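*Asks:* Have a look at this one before I ask anything.
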Amino acid sequence: MKLQPRAVEEVLQGLKKAGVDFVSLLPDSDFSELQERVGNDLDFTCVPVSNEAIGVGACAGAWLSGKKPALLVPTSGLLVATWPLTSLCMAWGLPLLLLIPYRGDIGDAFWLMGPYKDTTEPLLRVLHIPFVTVAKTEEISKAIIDAQGSTISWQRPVAVLLTGETIK
Amino acid sequence: MKRFECLKILASALDPSALMVANVGPISREWNALRPSDANLLQVNLGLCAAVGMGLAISLPHRQVVILDGDGNLLLNLASLADMANQELKNVVHIVLDNEAYEGGGGLRSATAGKANLALIAEGAGIKNVHVATGLDFFEKAAREALQSAGHHFVVAKVEKGSVPELPTLTLDGKEAKYRFARYIERTEGKQILKPRYTHI
């Protein structure tokens with residue numbers, strides 16, 4: 001599955017309109033085109049990491065420096081990121097925009113993704129991370145802008161889950 | 001070599017505007033006793049000092065960022081060394097106070113008490129300026145040189161276990177530390193971090 005080309009454009013537009021200027025990511029097949037575009041776009045400081053926990057830490061440092069960070073994180077990587085999402089974001093009250101391709105949502109035919117239906121949404125709730133699930137491409141940009149506004153205002157992470165027609 | 005003596009040297013050599021990230025445990029308490037400052041980001045939890053320091057250093061390339069790490073702390077997230085090296089940072093001094101133990105967690109041996117060598121790991125990750133100090137004289141030389149030259153420096157200080165008694169208790173929790181640090185950056189960088197005007201809502 002991949003983020004669809006129109007969805008890639010919507011995400012980029014949403015990130016820019018939301019003022020996101022620092023993006024951390026671990027190479028991921030679902031996000032590969034988006035990640036390449038972000039990496040080549042001078043509007044973003046792009047920081048590739050070797051695990052998503054490092055990405056959360058880097059984003060925390062970036063926000064404390066005045067940047068507006070986002071983490072592109074798959075549903076599997078969200079599990080890796082739980083430690084700093086707890087010990088940094090939750091304990092310190094740090095904002096962070098999480099952009100998550102919802103592998104394992106209903107309709108994902110790959111058996112290995114099945115467990116993420118069980119983990120993703122409960123995990124976000126346990127971590128006190130509000131989220132919005134977006135299934136229509138034309139709703140992506142506004143969802144990102146709204147989520148960014150909320151993460152800044154509430155001083156805690158907010159997630160956008162991309163599913164439905166956005167990822168096939 | 002005692003950790004507190006290393007930190008005294010560091011405190012005397014450090015520019016007041018340098019940003020400090022230190023890991024949770026005795027290191028933060030000792031550093032706070034020597035240089036209390038809103039430029040300190042103390043008690044960063046296990047495995048995350050290097051990552052947070054990397055985010056600061058990338059975002060504020062004109063500011064010096066010093067990372068005070070412990071061996072157990074760094075061992076939890078060794079891949080952060082590789083990610084930092086690939087950023088080719090010019091403003092980082094990463095000091096690992098290696099007592100070969102999880103002192104804050106009861107004193108059990110860490111992997112550096114066995115076969116692990118953090119300096120070799122850092123070199124293997126791609127960091128070029130790597131030093132190992134086993135005595136105070138060499139630590140002072142390595143720390144001062146690192147602080148005075150641009151680059152990404154990694155200094156392993158092999159220290160004894162044990163802290164200093166009767167140090168002031170750290171009274172800030174993470175939330176207050178966040179506000180203090182962010183306000184300090186706002187003052188010194190002339191930018192707004194907290195509650196910026198948000199035009200979309």
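Lettering and numbering for the structure tokens are positional, with chains as A, B, ... in the shown order, residues counted from 1 in each chain, and ligands counted from 1 in the shown order.
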Mind checking which residues fall within 7 Å of stretch 124-136 of chain B, counting only C-alpha atoms, ignoring those fewer than 6 positions away in the same chain, and posting them as a VMD selection string?

*Replies:* chain B and resid 1 6 81 to 82 85 142 152 to 158

*Asks:* For chain B against chain A, which residues fall within 7 Å using only C-alpha atoms, given as a list in words?

*Replies:*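 Putting it all together, I get Asn45, Leu48, Ala51, Val52, Gly53, Met54, Gly55, Leu56, Ser59, Leu60, Ala79, Ser80, Asp83, Gly174, Lys175, Lys178, Ala182, Ile185, Lys191, Gln192, Ile193, Lys195, Tyr198 and Ile201 of chain B.
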
*Asks:* When DSSP is applied to the backbone of this structure, which of stretch 88-129 of chain A are assigned alpha helix (DSSP H)? Write them out as number ranges by chain.

*Replies:* A: 91-92, 115-126

*Asks:* Let's have the selection written as a PDB file, in the first residue's frame, with C-alpha atoms.

*Replies:*
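Contents of part12.pdb, as written:
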```pdb
ATOM      1  CA  ALA A  91       5.704  14.040  30.900  1.00  0.00           C
ATOM      2  CA  TRP A  92       6.979  17.401  29.635  1.00  0.00           C
ATOM      3  CA  PRO A 115      -2.263  -6.474  14.718  1.00  0.00           C
ATOM      4  CA  TYR A 116      -2.038  -2.743  14.128  1.00  0.00           C
ATOM      5  CA  LYS A 117      -5.838  -2.525  14.102  1.00  0.00           C
ATOM      6  CA  ASP A 118      -5.639  -3.747  17.673  1.00  0.00           C
ATOM      7  CA  THR A 119      -2.773  -1.495  18.746  1.00  0.00           C
ATOM      8  CA  THR A 120      -2.982   1.852  16.941  1.00  0.00           C
ATOM      9  CA  GLU A 121      -6.117   3.556  18.209  1.00  0.00           C
ATOM     10  CA  PRO A 122      -5.984   2.127  21.767  1.00  0.00           C
ATOM     11  CA  LEU A 123      -2.333   3.157  21.972  1.00  0.00           C
ATOM     12  CA  LEU A 124      -3.103   6.720  20.948  1.00  0.00           C
ATOM     13  CA  ARG A 125      -5.862   6.867  23.551  1.00  0.00           C
ATOM     14  CA  VAL A 126      -3.628   5.464  26.287  1.00  0.00           C
TER      15      VAL A 126
END
```

*Asks:* Could you make a table, as CSV, of the residues of stretch 151-184 of chain B that have an atom within 12 Å of an atom of stretch 28-41 of chain B, each with its nearest atom pair and distance in Å to one decimal, counting only C-alpha atoms, in chain and number order?

*Replies:*
```
residue,atom,partner,partner_atom,distance
B:Gly162,CA,B:Glu30,CA,11.2
B:Ser163,CA,B:Glu30,CA,7.8
B:Val164,CA,B:Glu30,CA,7.5
B:Pro165,CA,B:Glu30,CA,9.8
B:Glu166,CA,B:Ala33,CA,10.1
B:Leu167,CA,B:Ala33,CA,6.5
B:Pro168,CA,B:Ala33,CA,6.4
B:Thr169,CA,B:Arg29,CA,6.8
B:Leu170,CA,B:Arg29,CA,6.2
B:Thr171,CA,B:Arg29,CA,9.9
B:Leu172,CA,B:Leu41,CA,10.4
B:Asp173,CA,B:Leu41,CA,10.8
B:Gly174,CA,B:Leu41,CA,8.9
B:Lys175,CA,B:Leu41,CA,11.1
B:Glu176,CA,B:Asp38,CA,10.4
B:Ala177,CA,B:Leu41,CA,6.8
B:Lys178,CA,B:Leu41,CA,7.8
B:Tyr179,CA,B:Asp38,CA,9.3
B:Arg180,CA,B:Asp38,CA,5.7
B:Phe181,CA,B:Asp38,CA,5.3
B:Ala182,CA,B:Asp38,CA,8.7
B:Arg183,CA,B:Asp38,CA,8.4
B:Tyr184,CA,B:Asp38,CA,6.1
```

*Asks:* Write the residues you've just listed into a file as an mmCIF file, in the first residue's frame, and include C-alpha atoms for each of them.

*Replies:*
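The result, stored in selection06.cif:
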```cif
data_model
loop_
_atom_site.group_PDB
_atom_site.id
_atom_site.type_symbol
_atom_site.label_atom_id
_atom_site.label_comp_id
_atom_site.auth_asym_id
_atom_site.auth_seq_id
_atom_site.Cartn_x
_atom_site.Cartn_y
_atom_site.Cartn_z
ATOM 1 C CA GLY B 162 29.437 7.563 43.147
ATOM 2 C CA SER B 163 27.895 10.988 43.423
ATOM 3 C CA VAL B 164 28.450 13.951 45.708
ATOM 4 C CA PRO B 165 26.407 14.044 48.916
ATOM 5 C CA GLU B 166 24.245 16.973 49.917
ATOM 6 C CA LEU B 167 23.644 18.500 46.521
ATOM 7 C CA PRO B 168 20.536 20.617 46.044
ATOM 8 C CA THR B 169 17.516 18.597 45.018
ATOM 9 C CA LEU B 170 16.154 19.235 41.542
ATOM 10 C CA THR B 171 12.836 20.950 42.031
ATOM 11 C CA LEU B 172 11.684 21.410 38.428
ATOM 12 C CA ASP B 173 9.458 18.876 36.758
ATOM 13 C CA GLY B 174 9.491 18.485 32.987
ATOM 14 C CA LYS B 175 6.664 20.907 32.365
ATOM 15 C CA GLU B 176 8.285 23.758 34.279
ATOM 16 C CA ALA B 177 11.642 22.944 32.709
ATOM 17 C CA LYS B 178 10.013 23.099 29.281
ATOM 18 C CA TYR B 179 8.568 26.551 29.899
ATOM 19 C CA ARG B 180 11.819 27.877 31.320
ATOM 20 C CA PHE B 181 13.911 26.517 28.480
ATOM 21 C CA ALA B 182 11.484 27.645 25.777
ATOM 22 C CA ARG B 183 11.250 31.141 27.303
ATOM 23 C CA TYR B 184 15.046 31.264 27.431
#
```

*Asks:* Given only C-alpha atoms as the basis, pick out the residue of A:Thr86, A:Glu52, A:Trp111, A:Gly39 nearest to B:Leu46.

*Replies:*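 When distances to B:Leu46 are compared using only C-alpha atoms, the smallest one comes from A:Thr86.
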
*Asks:* Could you find all residues in chain A that DSSP calls strand (DSSP E or B) from the backbone, and write them as a list in words?

*Replies:*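 Of chain A, the ones in strand (DSSP E or B) are Leu3, Phe22, Val23, Ser24, Leu25, Thr45, Cys46, Val47, Pro48, Pro69, Ala70, Leu71, Leu72, Leu97, Leu98, Leu99, Ile100, Pro101, Phe131, Val132, Thr133, Val134, Val158, Ala159, Val160, Leu161, Leu162 and Ile167 of chain A.
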
*Asks:* Can you write just those residues out, N, CA and C atoms, as a JSON list (two decimals), in the first residue's frame?

*Replies:*
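As written to disk, part.json reads:
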```json
[["chain", "number", "residue", "atom", "x", "y", "z"],
["A", 3, "LEU", "N", 0.68, 5.76, -0.05],
["A", 3, "LEU", "CA", -0.08, 7.01, -0.05],
["A", 3, "LEU", "C", -0.27, 7.42, -1.51],
["A", 22, "PHE", "N", 9.87, 21.18, 10.06],
["A", 22, "PHE", "CA", 10.86, 20.18, 10.52],
["A", 22, "PHE", "C", 10.16, 18.83, 10.49],
["A", 23, "VAL", "N", 10.68, 17.92, 9.70],
["A", 23, "VAL", "CA", 10.02, 16.62, 9.54],
["A", 23, "VAL", "C", 11.03, 15.51, 9.82],
["A", 24, "SER", "N", 10.70, 14.64, 10.73],
["A", 24, "SER", "CA", 11.54, 13.48, 10.98],
["A", 24, "SER", "C", 10.82, 12.23, 10.50],
["A", 25, "LEU", "N", 11.59, 11.30, 9.99],
["A", 25, "LEU", "CA", 10.98, 10.11, 9.38],
["A", 25, "LEU", "C", 11.96, 8.96, 9.33],
["A", 45, "THR", "N", 13.12, 21.10, 7.03],
["A", 45, "THR", "CA", 14.34, 20.45, 7.50],
["A", 45, "THR", "C", 13.96, 19.00, 7.70],
["A", 46, "CYS", "N", 14.55, 18.13, 6.91],
["A", 46, "CYS", "CA", 14.18, 16.71, 6.94],
["A", 46, "CYS", "C", 15.25, 15.91, 7.69],
["A", 47, "VAL", "N", 14.83, 15.20, 8.71],
["A", 47, "VAL", "CA", 15.79, 14.47, 9.55],
["A", 47, "VAL", "C", 15.44, 12.98, 9.54],
["A", 48, "PRO", "N", 16.13, 12.21, 8.70],
["A", 48, "PRO", "CA", 15.91, 10.75, 8.72],
["A", 48, "PRO", "C", 16.50, 10.16, 9.99],
["A", 69, "PRO", "N", 7.60, 20.91, 14.37],
["A", 69, "PRO", "CA", 7.95, 19.58, 13.85],
["A", 69, "PRO", "C", 6.76, 18.67, 13.57],
["A", 70, "ALA", "N", 7.00, 17.72, 12.69],
["A", 70, "ALA", "CA", 6.05, 16.63, 12.46],
["A", 70, "ALA", "C", 6.85, 15.34, 12.33],
["A", 71, "LEU", "N", 6.23, 14.25, 12.78],
["A", 71, "LEU", "CA", 6.85, 12.94, 12.63],
["A", 71, "LEU", "C", 5.99, 12.10, 11.69],
["A", 72, "LEU", "N", 6.60, 11.63, 10.61],
["A", 72, "LEU", "CA", 5.91, 10.69, 9.72],
["A", 72, "LEU", "C", 6.19, 9.30, 10.26],
["A", 97, "LEU", "N", 3.08, 16.91, 15.91],
["A", 97, "LEU", "CA", 2.14, 16.43, 14.90],
["A", 97, "LEU", "C", 2.61, 15.06, 14.41],
["A", 98, "LEU", "N", 1.74, 14.06, 14.57],
["A", 98, "LEU", "CA", 2.05, 12.71, 14.08],
["A", 98, "LEU", "C", 1.22, 12.45, 12.84],
["A", 99, "LEU", "N", 1.87, 12.07, 11.78],
["A", 99, "LEU", "CA", 1.18, 11.73, 10.54],
["A", 99, "LEU", "C", 1.37, 10.24, 10.29],
["A", 100, "ILE", "N", 0.26, 9.51, 10.29],
["A", 100, "ILE", "CA", 0.34, 8.04, 10.35],
["A", 100, "ILE", "C", -0.45, 7.40, 9.20],
["A", 101, "PRO", "N", 0.21, 6.73, 8.26],
["A", 101, "PRO", "CA", -0.55, 5.92, 7.30],
["A", 101, "PRO", "C", -1.12, 4.70, 8.04],
["A", 131, "PHE", "N", -6.73, 12.10, 18.03],
["A", 131, "PHE", "CA", -6.44, 11.82, 16.62],
["A", 131, "PHE", "C", -7.69, 12.01, 15.78],
["A", 132, "VAL", "N", -7.44, 12.26, 14.49],
["A", 132, "VAL", "CA", -8.50, 12.34, 13.51],
["A", 132, "VAL", "C", -8.17, 11.32, 12.42],
["A", 133, "THR", "N", -9.18, 10.59, 11.97],
["A", 133, "THR", "CA", -8.97, 9.60, 10.91],
["A", 133, "THR", "C", -9.53, 10.16, 9.61],
["A", 134, "VAL", "N", -8.68, 10.22, 8.58],
["A", 134, "VAL", "CA", -9.07, 10.84, 7.32],
["A", 134, "VAL", "C", -9.11, 9.77, 6.23],
["A", 158, "VAL", "N", -0.76, 15.38, 18.67],
["A", 158, "VAL", "CA", -2.03, 15.13, 18.00],
["A", 158, "VAL", "C", -1.70, 14.36, 16.71],
["A", 159, "ALA", "N", -2.54, 13.37, 16.40],
["A", 159, "ALA", "CA", -2.24, 12.50, 15.26],
["A", 159, "ALA", "C", -3.28, 12.63, 14.15],
["A", 160, "VAL", "N", -2.82, 12.47, 12.91],
["A", 160, "VAL", "CA", -3.69, 12.34, 11.76],
["A", 160, "VAL", "C", -3.45, 10.95, 11.16],
["A", 161, "LEU", "N", -4.50, 10.13, 11.16],
["A", 161, "LEU", "CA", -4.42, 8.79, 10.58],
["A", 161, "LEU", "C", -4.96, 8.84, 9.16],
["A", 162, "LEU", "N", -4.19, 8.34, 8.20],
["A", 162, "LEU", "CA", -4.60, 8.37, 6.80],
["A", 162, "LEU", "C", -5.04, 6.99, 6.37],
["A", 167, "ILE", "N", -4.83, 5.85, 0.91],
["A", 167, "ILE", "CA", -3.75, 4.87, 0.95],
["A", 167, "ILE", "C", -4.24, 3.55, 0.38]]
```
